[in-house]
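To be precise, the following lines are input_36.cif, and they hold mmCIF, C-alpha atoms.
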```cif
data_my_file
#
loop_
_atom_site.group_PDB
_atom_site.id
_atom_site.type_symbol
_atom_site.label_atom_id
_atom_site.label_comp_id
_atom_site.auth_asym_id
_atom_site.auth_seq_id
_atom_site.Cartn_x
_atom_site.Cartn_y
_atom_site.Cartn_z
ATOM 1 C CA MET A 1 -45.845 6.087 -18.309
ATOM 2 C CA ALA A 2 -42.270 6.939 -19.402
ATOM 3 C CA GLY A 3 -41.907 9.140 -16.310
ATOM 4 C CA LEU A 4 -42.798 6.220 -14.044
ATOM 5 C CA LYS A 5 -40.186 4.010 -15.749
ATOM 6 C CA ASN A 6 -37.533 6.675 -15.174
ATOM 7 C CA ILE A 7 -38.452 7.039 -11.515
ATOM 8 C CA VAL A 8 -38.245 3.269 -11.078
ATOM 9 C CA ALA A 9 -34.865 3.199 -12.866
ATOM 10 C CA VAL A 10 -33.487 5.971 -10.634
ATOM 11 C CA ALA A 11 -34.814 4.275 -7.511
ATOM 12 C CA LEU A 12 -33.279 0.966 -8.576
ATOM 13 C CA VAL A 13 -29.867 2.538 -9.247
ATOM 14 C CA MET A 14 -29.983 4.326 -5.879
ATOM 15 C CA ILE A 15 -30.916 1.131 -4.012
ATOM 16 C CA ILE A 16 -28.137 -0.848 -5.707
ATOM 17 C CA SER A 17 -25.625 1.921 -5.093
ATOM 18 C CA VAL A 18 -26.432 2.159 -1.402
ATOM 19 C CA SER A 19 -26.629 -1.601 -0.845
ATOM 20 C CA LEU A 20 -23.290 -2.360 -2.521
ATOM 21 C CA GLU A 21 -21.390 0.230 -0.472
ATOM 22 C CA GLY A 22 -18.533 -0.149 -2.966
ATOM 23 C CA LYS A 23 -17.967 -3.806 -2.080
ATOM 24 C CA TRP A 24 -18.048 -4.813 -5.729
ATOM 25 C CA VAL A 25 -14.645 -3.149 -6.102
ATOM 26 C CA GLU A 26 -12.696 -5.690 -3.983
ATOM 27 C CA ALA A 27 -9.636 -7.228 -5.589
ATOM 28 C CA GLN A 28 -8.165 -10.708 -5.530
ATOM 29 C CA VAL A 29 -4.380 -10.934 -5.501
ATOM 30 C CA HIS A 30 -2.418 -13.839 -6.959
ATOM 31 C CA HIS A 31 0.915 -14.416 -5.195
ATOM 32 C CA VAL A 32 3.500 -16.592 -6.981
ATOM 33 C CA VAL A 33 5.539 -18.002 -4.099
ATOM 34 C CA GLY A 34 9.216 -17.207 -4.583
ATOM 35 C CA GLY A 35 8.602 -14.949 -7.574
ATOM 36 C CA ASP A 36 10.520 -15.892 -10.734
ATOM 37 C CA ARG A 37 12.489 -18.646 -9.003
ATOM 38 C CA GLY A 38 9.418 -20.310 -7.529
ATOM 39 C CA TRP A 39 9.551 -22.926 -4.773
ATOM 40 C CA ASP A 40 13.224 -23.835 -4.910
ATOM 41 C CA PRO A 41 15.923 -24.429 -2.250
ATOM 42 C CA ALA A 42 17.845 -21.456 -3.672
ATOM 43 C CA THR A 43 14.827 -19.142 -3.332
ATOM 44 C CA ASN A 44 15.002 -16.492 -0.636
ATOM 45 C CA LEU A 45 11.424 -16.746 0.619
ATOM 46 C CA SER A 46 12.180 -14.237 3.362
ATOM 47 C CA SER A 47 12.938 -11.556 0.793
ATOM 48 C CA TRP A 48 9.964 -12.590 -1.315
ATOM 49 C CA CYS A 49 7.560 -12.342 1.646
ATOM 50 C CA SER A 50 8.803 -8.989 2.848
ATOM 51 C CA GLY A 51 6.001 -6.442 2.643
ATOM 52 C CA ARG A 52 3.346 -8.840 1.350
ATOM 53 C CA ILE A 53 -0.109 -9.034 2.843
ATOM 54 C CA PHE A 54 -2.184 -12.131 2.278
ATOM 55 C CA ARG A 55 -5.946 -11.661 2.499
ATOM 56 C CA VAL A 56 -9.030 -13.841 2.350
ATOM 57 C CA GLY A 57 -9.856 -14.322 -1.326
ATOM 58 C CA ASP A 58 -6.242 -14.166 -2.516
ATOM 59 C CA LYS A 59 -4.496 -17.129 -4.122
ATOM 60 C CA ILE A 60 -0.975 -18.375 -3.695
ATOM 61 C CA TRP A 61 0.696 -20.257 -6.517
ATOM 62 C CA PHE A 62 3.525 -22.721 -6.040
ATOM 63 C CA THR A 63 5.739 -23.428 -9.055
ATOM 64 C CA TYR A 64 8.375 -26.141 -8.798
ATOM 65 C CA SER A 65 9.827 -29.152 -10.566
ATOM 66 C CA ALA A 66 7.326 -31.931 -9.824
ATOM 67 C CA GLY A 67 9.976 -34.599 -10.388
ATOM 68 C CA GLU A 68 12.268 -33.138 -7.753
ATOM 69 C CA GLU A 69 10.001 -31.527 -5.192
ATOM 70 C CA SER A 70 6.532 -31.481 -3.673
ATOM 71 C CA ILE A 71 4.834 -29.367 -1.041
ATOM 72 C CA VAL A 72 3.031 -30.446 2.097
ATOM 73 C CA GLU A 73 0.507 -28.365 3.978
ATOM 74 C CA VAL A 74 0.632 -29.094 7.699
ATOM 75 C CA LYS A 75 -1.795 -28.069 10.415
ATOM 76 C CA GLU A 76 0.285 -27.187 13.455
ATOM 77 C CA GLN A 77 3.153 -24.783 14.076
ATOM 78 C CA GLU A 78 5.114 -27.603 15.724
ATOM 79 C CA GLU A 79 4.878 -29.684 12.535
ATOM 80 C CA TYR A 80 6.012 -26.673 10.531
ATOM 81 C CA LEU A 81 8.977 -25.953 12.789
ATOM 82 C CA SER A 82 10.131 -29.586 12.983
ATOM 83 C CA CYS A 83 9.360 -30.353 9.312
ATOM 84 C CA ASP A 84 7.094 -33.216 10.421
ATOM 85 C CA ILE A 85 5.049 -34.279 7.381
ATOM 86 C CA SER A 86 3.623 -37.473 8.883
ATOM 87 C CA ASN A 87 0.112 -35.986 9.258
ATOM 88 C CA PRO A 88 -0.397 -33.690 6.238
ATOM 89 C CA ILE A 89 -3.521 -31.682 5.525
ATOM 90 C CA LYS A 90 -2.750 -31.927 1.806
ATOM 91 C CA MET A 91 0.112 -32.821 -0.529
ATOM 92 C CA TYR A 92 0.806 -30.789 -3.661
ATOM 93 C CA THR A 93 2.646 -32.658 -6.404
ATOM 94 C CA ASP A 94 1.638 -31.138 -9.767
ATOM 95 C CA GLY A 95 4.461 -28.616 -10.141
ATOM 96 C CA LEU A 96 1.971 -25.754 -10.512
ATOM 97 C CA ASP A 97 -0.481 -25.544 -7.643
ATOM 98 C CA SER A 98 -3.014 -22.808 -6.921
ATOM 99 C CA ILE A 99 -4.226 -22.535 -3.350
ATOM 100 C CA SER A 100 -7.156 -20.324 -2.435
ATOM 101 C CA LEU A 101 -6.827 -18.461 0.825
ATOM 102 C CA ASP A 102 -10.466 -18.904 1.713
ATOM 103 C CA GLY A 103 -10.394 -18.154 5.419
ATOM 104 C CA GLU A 104 -8.567 -16.108 8.020
ATOM 105 C CA GLY A 105 -5.824 -17.772 9.993
ATOM 106 C CA ILE A 106 -2.410 -19.308 9.678
ATOM 107 C CA ARG A 107 -1.376 -21.673 6.886
ATOM 108 C CA TYR A 108 1.841 -23.737 6.956
ATOM 109 C CA PHE A 109 3.573 -25.135 3.853
ATOM 110 C CA VAL A 110 6.798 -27.175 3.924
ATOM 111 C CA SER A 111 8.994 -29.030 1.478
ATOM 112 C CA SER A 112 8.353 -32.764 1.376
ATOM 113 C CA LYS A 113 12.121 -33.270 1.447
ATOM 114 C CA PRO A 114 13.268 -33.170 5.089
ATOM 115 C CA ASP A 115 16.685 -31.686 4.248
ATOM 116 C CA SER A 116 15.173 -28.907 2.110
ATOM 117 C CA CYS A 117 12.610 -28.133 4.783
ATOM 118 C CA LYS A 118 15.208 -28.036 7.555
ATOM 119 C CA ASN A 119 17.313 -25.717 5.375
ATOM 120 C CA GLY A 120 14.396 -23.264 5.227
ATOM 121 C CA LEU A 121 12.223 -24.298 2.284
ATOM 122 C CA LYS A 122 8.947 -23.642 4.069
ATOM 123 C CA LEU A 123 6.347 -20.920 4.184
ATOM 124 C CA HIS A 124 4.054 -19.741 6.962
ATOM 125 C CA VAL A 125 1.345 -17.270 5.977
ATOM 126 C CA GLU A 126 -1.107 -15.391 8.153
ATOM 127 C CA VAL A 127 -4.239 -14.728 6.120
ATOM 128 C CA MET A 128 -5.808 -11.412 7.060
ATOM 129 C CA PRO A 129 -9.472 -10.475 6.646
ATOM 130 C CA GLN A 130 -10.512 -8.748 3.440
ATOM 131 C CA GLY A 131 -10.877 -4.987 3.606
ATOM 132 C CA THR A 132 -8.624 -3.954 6.483
ATOM 133 C CA PRO A 133 -5.778 -1.914 4.974
ATOM 134 C CA GLY A 134 -3.143 -0.680 7.358
ATOM 135 C CA ASP A 135 -2.850 -3.886 9.381
ATOM 136 C CA PHE A 136 0.653 -5.065 10.087
ATOM 137 C CA PRO A 137 0.546 -8.861 9.628
ATOM 138 C CA LYS A 138 3.088 -11.467 10.503
ATOM 139 C CA ILE A 139 4.430 -13.121 7.388
ATOM 140 C CA ALA A 140 6.408 -16.295 7.366
ATOM 141 C CA THR A 141 9.913 -16.516 6.044
ATOM 142 C CA SER A 142 12.017 -19.404 4.865
ATOM 143 C CA GLU A 143 14.677 -18.824 7.483
ATOM 144 C CA SER A 144 14.714 -20.578 10.840
ATOM 145 C CA LYS A 145 15.161 -17.880 13.446
ATOM 146 C CA PRO A 146 14.366 -17.721 17.138
ATOM 147 C CA SER A 147 11.313 -15.648 16.204
ATOM 148 C CA TYR A 148 10.026 -18.675 14.228
ATOM 149 C CA GLY A 149 10.196 -16.804 10.944
ATOM 150 C CA TYR A 150 7.879 -13.923 11.792
ATOM 151 C CA VAL A 151 8.587 -10.588 10.176
ATOM 152 C CA SER A 152 6.569 -7.449 10.778
ATOM 153 C CA ALA A 153 5.767 -5.941 7.423
ATOM 154 C CA LEU A 154 4.284 -2.691 6.210
ATOM 155 C CA ALA A 155 1.594 -2.798 3.568
ATOM 156 C CA SER A 156 3.538 -1.904 0.459
ATOM 157 C CA GLY A 157 1.671 -4.363 -1.738
ATOM 158 C CA PRO A 158 -1.908 -4.385 -2.944
ATOM 159 C CA THR A 159 -4.607 -3.305 -0.519
ATOM 160 C CA THR A 160 -8.352 -2.944 -0.784
ATOM 161 C CA PRO A 161 -9.791 0.278 -2.166
ATOM 162 C CA SER A 162 -10.093 3.258 0.148
ATOM 163 C CA GLY A 163 -13.365 4.764 1.280
ATOM 164 C CA SER A 164 -13.078 7.399 -1.430
ATOM 165 C CA ALA A 165 -13.077 4.665 -4.092
ATOM 166 C CA HIS A 166 -16.355 3.411 -2.641
ATOM 167 C CA LEU A 167 -17.843 6.923 -2.813
ATOM 168 C CA VAL A 168 -16.686 7.413 -6.396
ATOM 169 C CA GLY A 169 -18.259 4.103 -7.478
ATOM 170 C CA SER A 170 -21.517 4.933 -5.720
ATOM 171 C CA SER A 171 -21.521 8.490 -7.110
ATOM 172 C CA ILE A 172 -21.080 7.225 -10.664
ATOM 173 C CA LEU A 173 -24.068 4.902 -10.291
ATOM 174 C CA LEU A 174 -26.132 7.705 -8.793
ATOM 175 C CA ALA A 175 -25.132 10.130 -11.573
ATOM 176 C CA PHE A 176 -26.044 7.514 -14.183
ATOM 177 C CA GLY A 177 -29.463 7.148 -12.588
ATOM 178 C CA PHE A 178 -30.079 10.884 -12.658
ATOM 179 C CA LEU A 179 -28.905 11.044 -16.289
ATOM 180 C CA CYS A 180 -31.406 8.335 -17.216
ATOM 181 C CA TYR A 181 -34.087 10.309 -15.414
ATOM 182 C CA ALA A 182 -33.163 13.578 -17.126
ATOM 183 C CA ILE A 183 -33.094 12.065 -20.609
ATOM 184 C CA GLY A 184 -36.451 10.371 -20.181
ATOM 185 C CA ALA A 185 -38.208 13.309 -18.481
#
```

Before anything else, please render the file you have as structure tokens.
Amino acid sequence: MAGLKNIVAVALVMIISVSLEGKWVEAQVHHVVGGDRGWDPATNLSSWCSGRIFRVGDKIWFTYSAGEESIVEVKEQEEYLSCDISNPIKMYTDGLDSISLDGEGIRYFVSSKPDSCKNGLKLHVEVMPQGTPGDFPKIATSESKPSYGYVSALASGPTTPSGSAHLVGSSILLAFGFLCYAIGA
């Protein structure tokens, strides 16, 4: 009877290991917009964005003085470029806002103050799919340039685990299953 339990345990570990394919190792990254300075007219968002990759499942955090500033998410690139906040998707006014990047695509955030927005206090983020390291995304900057703030960036920040990490995780589960089998046999 003990032998049957061990065989079932090994089979279960093998099935779980194969079915997960290492996907349980994915990471969520929290990006604090502007770093230590936060969302502030003096923040160089272009420098902050350089080299960052935003992926589905990540979160961006906006920190700012709620009494002096608020953030507006707009839908269209034209609204972003012209700082038109007349038709917002959402307004952020708490001073510490967490926004989940729950789908692929482009997200636009601008200052609610027209002068601050026109002086570059805005952020455009292209959210990439989870699990595609090596992509070269377009990341928004705070500067108004003819290229509309796009900067090609290399992946120097966090990326998803490599294929070898998936094999290691699966191998550990498989080894554990065999150990259970050997001890019980």

List every protein, DNA or RNA residue with an atom no more than 12 Å from (-13.7, -15.6, 6.7) in the file's coordinates, counting all atoms listed in the file, and format the result as a PDB file with C-alpha atoms, keeping the file's coordinate frame.
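Output (selection07.pdb):
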```pdb
ATOM      1  CA  ARG A  55      -5.946 -11.661   2.499  1.00  0.00           C
ATOM      2  CA  VAL A  56      -9.030 -13.841   2.350  1.00  0.00           C
ATOM      3  CA  GLY A  57      -9.856 -14.322  -1.326  1.00  0.00           C
ATOM      4  CA  ASP A  58      -6.242 -14.166  -2.516  1.00  0.00           C
ATOM      5  CA  LEU A 101      -6.827 -18.461   0.825  1.00  0.00           C
ATOM      6  CA  ASP A 102     -10.466 -18.904   1.713  1.00  0.00           C
ATOM      7  CA  GLY A 103     -10.394 -18.154   5.419  1.00  0.00           C
ATOM      8  CA  GLU A 104      -8.567 -16.108   8.020  1.00  0.00           C
ATOM      9  CA  GLY A 105      -5.824 -17.772   9.993  1.00  0.00           C
ATOM     10  CA  VAL A 127      -4.239 -14.728   6.120  1.00  0.00           C
ATOM     11  CA  MET A 128      -5.808 -11.412   7.060  1.00  0.00           C
ATOM     12  CA  PRO A 129      -9.472 -10.475   6.646  1.00  0.00           C
ATOM     13  CA  GLN A 130     -10.512  -8.748   3.440  1.00  0.00           C
ATOM     14  CA  GLY A 131     -10.877  -4.987   3.606  1.00  0.00           C
TER      15      GLY A 131
END
```

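CA of Ser100 (chain A) to CA of Lys118 (chain A) spans 25.7 Å [interatomic distance, one decimal].
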
(request) Apply the PyMOL selection byres ((chain A and resi 82) around 10) to the displayed file and report the matching residues as a list in words. (result) Gln77, Glu78, Glu79, Tyr80, Leu81, Cys83, Asp84, Ile85, Val110, Pro114, Cys117 and Lys118 of chain A

Take the residues that were just selected and, keeping C-alpha atoms, output them as a PDB file, in the coordinates of the input.
```pdb
ATOM      1  CA  GLN A  77       3.153 -24.783  14.076  1.00  0.00           C
ATOM      2  CA  GLU A  78       5.114 -27.603  15.724  1.00  0.00           C
ATOM      3  CA  GLU A  79       4.878 -29.684  12.535  1.00  0.00           C
ATOM      4  CA  TYR A  80       6.012 -26.673  10.531  1.00  0.00           C
ATOM      5  CA  LEU A  81       8.977 -25.953  12.789  1.00  0.00           C
ATOM      6  CA  CYS A  83       9.360 -30.353   9.312  1.00  0.00           C
ATOM      7  CA  ASP A  84       7.094 -33.216  10.421  1.00  0.00           C
ATOM      8  CA  ILE A  85       5.049 -34.279   7.381  1.00  0.00           C
ATOM      9  CA  VAL A 110       6.798 -27.175   3.924  1.00  0.00           C
ATOM     10  CA  PRO A 114      13.268 -33.170   5.089  1.00  0.00           C
ATOM     11  CA  CYS A 117      12.610 -28.133   4.783  1.00  0.00           C
ATOM     12  CA  LYS A 118      15.208 -28.036   7.555  1.00  0.00           C
TER      13      LYS A 118
END
```

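Reported to one decimal place, the separation of CA of Ser86 (chain A) from CA of Asn44 (chain A) is 25.7 Å.
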
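The residue that comes closest to Leu96 (chain A), out of A:Ala66, A:Ile53, A:Val74, A:Val29 and on the basis of all atoms listed in the file, is A:Ala66.
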
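From CA of Glu68 (chain A) back to CA of His124 (chain A), the distance works out to 21.5 Å.
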
(request) Can you pull out every residue within 12 Å of Asp36 (chain A), counting all atoms listed in the file, but drop anything in the same chain fewer than 6 positions away, and send it as a VMD selection string? (result) chain A and resid 42 to 45 48 61 to 64

Region 80-94 of chain A rebuilt with N, CA, C and O atoms, output as a short mmCIF file (atom, residue, chain, number, x, y, z; two decimals), keeping the file's coordinate frame:
```cif
data_model
loop_
_atom_site.label_atom_id
_atom_site.label_comp_id
_atom_site.auth_asym_id
_atom_site.auth_seq_id
_atom_site.Cartn_x
_atom_site.Cartn_y
_atom_site.Cartn_z
N TYR A 80 5.31 -27.60 11.41
CA TYR A 80 6.01 -26.67 10.53
C TYR A 80 7.46 -26.48 10.99
O TYR A 80 8.39 -26.59 10.19
N LEU A 81 7.63 -26.22 12.27
CA LEU A 81 8.98 -25.95 12.79
C LEU A 81 9.89 -27.18 12.72
O LEU A 81 11.07 -27.06 12.43
N SER A 82 9.32 -28.36 12.97
CA SER A 82 10.13 -29.59 12.98
C SER A 82 10.16 -30.30 11.63
O SER A 82 10.80 -31.34 11.51
N CYS A 83 9.45 -29.74 10.65
CA CYS A 83 9.36 -30.35 9.31
C CYS A 83 8.75 -31.76 9.37
O CYS A 83 9.15 -32.66 8.63
N ASP A 84 7.79 -31.94 10.25
CA ASP A 84 7.09 -33.22 10.42
C ASP A 84 5.94 -33.29 9.43
O ASP A 84 4.95 -32.58 9.56
N ILE A 85 6.08 -34.15 8.42
CA ILE A 85 5.05 -34.28 7.38
C ILE A 85 4.26 -35.58 7.52
O ILE A 85 3.59 -36.01 6.59
N SER A 86 4.29 -36.18 8.69
CA SER A 86 3.62 -37.47 8.88
C SER A 86 2.10 -37.36 8.92
O SER A 86 1.41 -38.35 8.72
N ASN A 87 1.56 -36.17 9.18
CA ASN A 87 0.11 -35.99 9.26
C ASN A 87 -0.30 -34.77 8.41
O ASN A 87 -0.78 -33.77 8.94
N PRO A 88 -0.14 -34.87 7.08
CA PRO A 88 -0.40 -33.69 6.24
C PRO A 88 -1.88 -33.37 6.09
O PRO A 88 -2.73 -34.27 6.15
N ILE A 89 -2.17 -32.09 5.91
CA ILE A 89 -3.52 -31.68 5.52
C ILE A 89 -3.71 -32.01 4.05
O ILE A 89 -4.73 -32.55 3.65
N LYS A 90 -2.70 -31.67 3.24
CA LYS A 90 -2.75 -31.93 1.81
C LYS A 90 -1.34 -31.96 1.24
O LYS A 90 -0.45 -31.26 1.72
N MET A 91 -1.16 -32.74 0.21
CA MET A 91 0.11 -32.82 -0.53
C MET A 91 -0.12 -32.20 -1.91
O MET A 91 -1.13 -32.44 -2.54
N TYR A 92 0.86 -31.41 -2.34
CA TYR A 92 0.81 -30.79 -3.66
C TYR A 92 1.96 -31.35 -4.48
O TYR A 92 3.12 -31.23 -4.08
N THR A 93 1.64 -31.94 -5.63
CA THR A 93 2.65 -32.66 -6.40
C THR A 93 2.64 -32.33 -7.90
O THR A 93 3.39 -32.95 -8.66
N ASP A 94 1.80 -31.40 -8.33
CA ASP A 94 1.64 -31.14 -9.77
C ASP A 94 2.73 -30.29 -10.40
O ASP A 94 2.88 -30.28 -11.61
#
```
